[in-house]
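Novice: First the structure, which I've put down as structure tokens, then a few questions once you've had a look.
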Amino acid sequence: MRMILVGPPGAGKGTQAAKLVETYRIPHISSGEMLRDAVKEGTALGVKADGFMKSGQLVPDDVVIGMILERIAKADCAAGFMLDGFPRTLPQAEALDDAMNKAGVTLEAVVLIEIPDQMVVDRLSGRRTDPVTGTIYHMIFNPPPADVVSRLVQRKDDTVEAAVTRVAKYHSETAPVVPFYDGKGIVKRVDGVGTPDAITARITAVLAR
Ligand code: AP5
Ligand code: MG
């Protein structure tokens, strides 16, 4: 299965991907995670990306496209992959399309997880991530066990200011990729409001259709 998860910041892409990979047994490739790792490691790519990410701007296409196309060419993606956070501009979608055509493989599904804009800040401000396991928690909606609380970290771009910019960028840059994939008839829309388990069930149901 080759698929993409799309949705506004805080829609639950990372949360759902962690659950779905257990069912579909394909690597979860999050452009945001890859970029955050590069920032942490201080690579040339990370140094370039850091300022854009902190302020909620998109990292330039040429940087991200190269990073993702290189990643999906690796052996573990031969039977499929779940992209999260990429593509998020039309040029990124076109570059992915080109690369997949050249490789003779097809994209089966684009799962669009939708939440209202006014939910985004609540979802992001309460988010905490476990640096040891990568688990995503929310202090109210998905509270962490007491023994891990002290080691949890908050993302640098989960400020109200950056969140507002990220939502605006989602509407202006990323939403236009949906009609691109609608033209191919592979978009599956899923309501992202509800419990994480309910949303996983919705996604597996639309993918089974
Ligand atoms: P990225 O890491 O992709 O962030 P994003 O798209 O803004 O999405 P988030 O990771 O914030 O949200 P999510 O949908 O994964 O939600 P989550 O499951 O964590 O990108 C970050 C930055 O990197 C970008 O701004 C950009 O600078 C750069 N970048 C990345 N990719 C790029 C690209 N392709 N091109 C250019 N730049 C790029 O859930 C959020 C919270 O809600 C959690 O606390 C969770 O516990 C909670 N939650 C989840 N589901 C539910 C639910 N059903 N009910 C209640 N709470 C829930
Ligand atoms: Mg995420």
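In the structure tokens, the first chain shown is A, the next is B, and so on; residue numbers restart at 1 for each chain, and ligands run from 1 in the order shown.
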Which residues of chain A come within 7 Å of ligand 1, and what is each one's closest atom pair and distance in Å (one decimal), counting only C-alpha atoms and all ligand atoms, sorted by chain and residue number, as a tab-separated table?
Specialist:
residue	atom	partner	partner_atom_place_in_ligand_line	distance
A:Gly7	CA	ligand 1	14 (O)	6.2
A:Pro8	CA	ligand 1	6 (O)	5.9
A:Pro9	CA	ligand 1	7 (O)	3.5
A:Gly10	CA	ligand 1	12 (O)	3.5
A:Ala11	CA	ligand 1	14 (O)	3.9
A:Gly12	CA	ligand 1	18 (O)	3.2
A:Lys13	CA	ligand 1	14 (O)	3.7
A:Gly14	CA	ligand 1	15 (O)	3.7
A:Thr15	CA	ligand 1	18 (O)	3.6
A:Gln16	CA	ligand 1	18 (O)	6.4
A:Ser30	CA	ligand 1	3 (O)	6.5
A:Ser31	CA	ligand 1	31 (N)	4.4
A:Gly32	CA	ligand 1	2 (O)	3.4
A:Glu33	CA	ligand 1	2 (O)	5.8
A:Leu35	CA	ligand 1	23 (O)	6.4
A:Phe52	CA	ligand 1	27 (O)	5.3
A:Met53	CA	ligand 1	27 (O)	3.5
A:Gly56	CA	ligand 1	25 (O)	4.5
A:Gln57	CA	ligand 1	27 (O)	4.9
A:Leu58	CA	ligand 1	37 (N)	3.8
A:Val59	CA	ligand 1	37 (N)	3.9
A:Pro60	CA	ligand 1	36 (C)	6.0
A:Asp61	CA	ligand 1	35 (N)	6.1
A:Val64	CA	ligand 1	35 (N)	5.6
A:Asp84	CA	ligand 1	3 (O)	6.5
A:Gly85	CA	ligand 1	3 (O)	4.1
A:Phe86	CA	ligand 1	34 (N)	3.9
A:Pro87	CA	ligand 1	34 (N)	5.0
A:Arg88	CA	ligand 1	34 (N)	4.9
A:Thr89	CA	ligand 1	35 (N)	6.9
A:Arg123	CA	ligand 1	42 (O)	4.2
A:Leu124	CA	ligand 1	41 (C)	5.2
A:Gly126	CA	ligand 1	44 (O)	5.6
A:Arg127	CA	ligand 1	44 (O)	3.3
A:Arg128	CA	ligand 1	44 (O)	6.0
A:Ile136	CA	ligand 1	46 (O)	5.3
A:Tyr137	CA	ligand 1	46 (O)	4.1
A:His138	CA	ligand 1	44 (O)	3.7
A:Phe141	CA	ligand 1	56 (N)	4.9
A:Asn142	CA	ligand 1	46 (O)	5.3
A:Arg166	CA	ligand 1	25 (O)	5.7
A:Gly192	CA	ligand 1	53 (N)	6.0
A:Val193	CA	ligand 1	53 (N)	5.6
A:Gly194	CA	ligand 1	53 (N)	5.0
A:Thr195	CA	ligand 1	53 (N)	4.4
A:Pro196	CA	ligand 1	53 (N)	3.9
A:Ile199	CA	ligand 1	53 (N)	6.5
Novice: So that I can check the surroundings of Arg2 of chain A, please list as a list of chain:residue names every protein, DNA and RNA residue that reaches within 9 Å of it, counting only C-alpha atoms and ignoring chain neighbours fewer than 4 positions away.
Specialist: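 Once the adjacent positions are removed, what remains is A:Ile26, A:Cys77, A:Ala79, A:Gly80, A:Phe81, A:Met82, A:Leu83, A:Val105, A:Thr106, A:Leu107, A:Glu108, A:Ala109.
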Novice: Using N, CA, C and O atoms, can you write the selected residues to a file as an mmCIF file, in the first residue's frame?
Specialist:
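Wrote selection-v4.cif, looks like this:
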data_model
loop_
_atom_site.group_PDB
_atom_site.id
_atom_site.type_symbol
_atom_site.label_atom_id
_atom_site.label_comp_id
_atom_site.auth_asym_id
_atom_site.auth_seq_id
_atom_site.Cartn_x
_atom_site.Cartn_y
_atom_site.Cartn_z
ATOM 1 N N ILE A 26 3.797 -0.989 6.846
ATOM 2 C CA ILE A 26 4.595 -0.198 5.905
ATOM 3 C C ILE A 26 5.268 0.911 6.716
ATOM 4 O O ILE A 26 4.747 1.298 7.764
ATOM 5 N N CYS A 77 10.847 0.601 1.536
ATOM 6 C CA CYS A 77 9.632 1.162 0.934
ATOM 7 C C CYS A 77 9.193 0.408 -0.322
ATOM 8 O O CYS A 77 8.237 0.815 -0.983
ATOM 9 N N ALA A 79 7.590 -2.272 -0.768
ATOM 10 C CA ALA A 79 6.212 -2.792 -0.769
ATOM 11 C C ALA A 79 5.187 -1.730 -0.375
ATOM 12 O O ALA A 79 3.992 -2.003 -0.317
ATOM 13 N N GLY A 80 5.658 -0.537 -0.078
ATOM 14 C CA GLY A 80 4.709 0.520 0.267
ATOM 15 C C GLY A 80 5.259 1.488 1.295
ATOM 16 O O GLY A 80 6.347 1.284 1.838
ATOM 17 N N PHE A 81 4.492 2.549 1.528
ATOM 18 C CA PHE A 81 4.873 3.559 2.522
ATOM 19 C C PHE A 81 3.661 4.401 2.876
ATOM 20 O O PHE A 81 2.686 4.459 2.121
ATOM 21 N N MET A 82 3.758 5.020 4.052
ATOM 22 C CA MET A 82 2.723 5.940 4.491
ATOM 23 C C MET A 82 3.376 7.298 4.702
ATOM 24 O O MET A 82 4.140 7.489 5.652
ATOM 25 N N LEU A 83 3.117 8.213 3.785
ATOM 26 C CA LEU A 83 3.699 9.552 3.898
ATOM 27 C C LEU A 83 2.814 10.421 4.797
ATOM 28 O O LEU A 83 1.592 10.398 4.664
ATOM 29 N N VAL A 105 5.334 2.765 -10.090
ATOM 30 C CA VAL A 105 4.454 2.411 -8.970
ATOM 31 C C VAL A 105 3.322 3.442 -8.861
ATOM 32 O O VAL A 105 3.451 4.556 -9.358
ATOM 33 N N THR A 106 2.233 3.032 -8.238
ATOM 34 C CA THR A 106 1.088 3.945 -8.153
ATOM 35 C C THR A 106 0.711 4.244 -6.708
ATOM 36 O O THR A 106 0.891 3.419 -5.812
ATOM 37 N N LEU A 107 0.146 5.421 -6.537
ATOM 38 C CA LEU A 107 -0.351 5.856 -5.237
ATOM 39 C C LEU A 107 -1.785 5.358 -5.119
ATOM 40 O O LEU A 107 -2.591 5.580 -6.020
ATOM 41 N N GLU A 108 -2.068 4.656 -4.009
ATOM 42 C CA GLU A 108 -3.417 4.076 -3.887
ATOM 43 C C GLU A 108 -4.401 4.994 -3.187
ATOM 44 O O GLU A 108 -5.577 4.998 -3.521
ATOM 45 N N ALA A 109 -3.942 5.734 -2.179
ATOM 46 C CA ALA A 109 -4.906 6.516 -1.406
ATOM 47 C C ALA A 109 -4.280 7.767 -0.806
ATOM 48 O O ALA A 109 -3.113 7.770 -0.415
#
Novice: Quick one: pick out all strand (DSSP E) residues within segment 34-137 of chain A from a backbone DSSP run and write them as an mmCIF file with N, CA, C and O atoms, in the first residue's frame.
Specialist:
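Written out: part_19.cif:
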data_model
loop_
_atom_site.group_PDB
_atom_site.id
_atom_site.type_symbol
_atom_site.label_atom_id
_atom_site.label_comp_id
_atom_site.auth_asym_id
_atom_site.auth_seq_id
_atom_site.Cartn_x
_atom_site.Cartn_y
_atom_site.Cartn_z
ATOM 1 N N PHE A 81 4.492 2.549 1.528
ATOM 2 C CA PHE A 81 4.873 3.559 2.522
ATOM 3 C C PHE A 81 3.661 4.401 2.876
ATOM 4 O O PHE A 81 2.686 4.459 2.121
ATOM 5 N N MET A 82 3.758 5.020 4.052
ATOM 6 C CA MET A 82 2.723 5.940 4.491
ATOM 7 C C MET A 82 3.376 7.298 4.702
ATOM 8 O O MET A 82 4.140 7.489 5.652
ATOM 9 N N LEU A 83 3.117 8.213 3.785
ATOM 10 C CA LEU A 83 3.699 9.552 3.898
ATOM 11 C C LEU A 83 2.814 10.421 4.797
ATOM 12 O O LEU A 83 1.592 10.398 4.664
ATOM 13 N N ASP A 84 3.447 11.177 5.686
ATOM 14 C CA ASP A 84 2.719 12.066 6.612
ATOM 15 C C ASP A 84 3.399 13.431 6.534
ATOM 16 O O ASP A 84 4.569 13.552 6.864
ATOM 17 N N ALA A 109 -3.942 5.734 -2.179
ATOM 18 C CA ALA A 109 -4.906 6.516 -1.406
ATOM 19 C C ALA A 109 -4.280 7.767 -0.806
ATOM 20 O O ALA A 109 -3.113 7.770 -0.415
ATOM 21 N N VAL A 110 -5.100 8.807 -0.739
ATOM 22 C CA VAL A 110 -4.751 10.034 -0.030
ATOM 23 C C VAL A 110 -5.836 10.206 1.034
ATOM 24 O O VAL A 110 -6.998 10.445 0.703
ATOM 25 N N VAL A 111 -5.464 10.011 2.294
ATOM 26 C CA VAL A 111 -6.442 10.135 3.374
ATOM 27 C C VAL A 111 -6.363 11.561 3.910
ATOM 28 O O VAL A 111 -5.326 11.992 4.411
ATOM 29 N N LEU A 112 -7.481 12.265 3.763
ATOM 30 C CA LEU A 112 -7.555 13.659 4.226
ATOM 31 C C LEU A 112 -8.292 13.670 5.562
ATOM 32 O O LEU A 112 -9.479 13.358 5.630
ATOM 33 N N ILE A 113 -7.552 13.998 6.635
ATOM 34 C CA ILE A 113 -8.157 14.053 7.972
ATOM 35 C C ILE A 113 -8.533 15.510 8.236
ATOM 36 O O ILE A 113 -7.669 16.387 8.244
ATOM 37 N N GLU A 114 -9.824 15.750 8.438
ATOM 38 C CA GLU A 114 -10.299 17.130 8.565
ATOM 39 C C GLU A 114 -10.697 17.462 10.007
ATOM 40 O O GLU A 114 -11.422 16.690 10.634
ATOM 41 N N ARG A 127 -0.035 19.278 23.256
ATOM 42 C CA ARG A 127 0.756 18.132 22.772
ATOM 43 C C ARG A 127 2.100 18.025 23.488
ATOM 44 O O ARG A 127 2.799 19.014 23.691
ATOM 45 N N ARG A 128 2.478 16.815 23.840
ATOM 46 C CA ARG A 128 3.812 16.524 24.373
ATOM 47 C C ARG A 128 4.261 15.224 23.717
ATOM 48 O O ARG A 128 3.463 14.339 23.492
ATOM 49 N N THR A 129 5.568 15.134 23.423
ATOM 50 C CA THR A 129 6.098 13.945 22.766
ATOM 51 C C THR A 129 7.130 13.279 23.659
ATOM 52 O O THR A 129 7.930 13.960 24.314
ATOM 53 N N ILE A 136 3.109 10.212 20.904
ATOM 54 C CA ILE A 136 2.505 11.551 20.964
ATOM 55 C C ILE A 136 1.382 11.531 22.005
ATOM 56 O O ILE A 136 0.480 10.703 21.931
ATOM 57 N N TYR A 137 1.466 12.444 22.981
ATOM 58 C CA TYR A 137 0.416 12.548 23.998
ATOM 59 C C TYR A 137 -0.264 13.901 23.897
ATOM 60 O O TYR A 137 0.194 14.805 23.187
#
Novice: Write down as a VMD selection string the residues belonging to segment 106-206 of chain A that are assigned alpha helix (DSSP H) by DSSP computed on the backbone.
Specialist: chain A and resid 117 to 125 160 to 169 177 to 182 196 to 206
Novice: Using only C-alpha atoms and all ligand atoms, which residue out of A:Pro179, A:Pro144, A:Gly134, A:Gly185 lies closest to ligand 2?
Specialist: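 Of A:Pro179, A:Pro144, A:Gly134, A:Gly185, the one nearest ligand 2 is A:Gly134, counting only C-alpha atoms and all ligand atoms.
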Novice: Rank A:Ile115, A:Val178, A:Met34, A:Asp122 by their smallest atom-to-atom distance to ligand 2, using only C-alpha atoms and all ligand atoms, and report the top residue only.
Specialist: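 Closest to ligand 2, using only C-alpha atoms and all ligand atoms: A:Met34.
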Novice: Given the choices A:Ala17, A:Ile203, A:Met3, A:Val187, which gets closest to ligand 2 if the distance is worked out from only C-alpha atoms and all ligand atoms?
Specialist: A:Ala17
Novice: Determine the nearest neighbour of ligand 2 from the options A:Ala162, A:Val21, A:Met119, A:Ile29, counting only C-alpha atoms and all ligand atoms.
Specialist: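 For ligand 2, the nearest of the candidates is A:Ile29.
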Novice: Calculated over only C-alpha atoms, which of the candidates A:Val63, A:Val167, A:Val177, A:Val132 has the smallest distance to Pro91 of chain A?
Specialist: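 Once distances to Pro91 of chain A are computed over only C-alpha atoms, the minimum belongs to A:Val177.
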Novice: From the list A:Gln118, A:Thr204, A:Asn101, A:Thr133, which residue is nearest Tyr24 of chain A when using only C-alpha atoms?
Specialist: A:Thr204
Novice: Quick one: distance from atom CA of Arg202 of chain A to atom CA of Leu69 of chain A in Å, one decimal?
Specialist: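 Taking atom CA of Arg202 of chain A and atom CA of Leu69 of chain A, their separation equals 28.9 Å.
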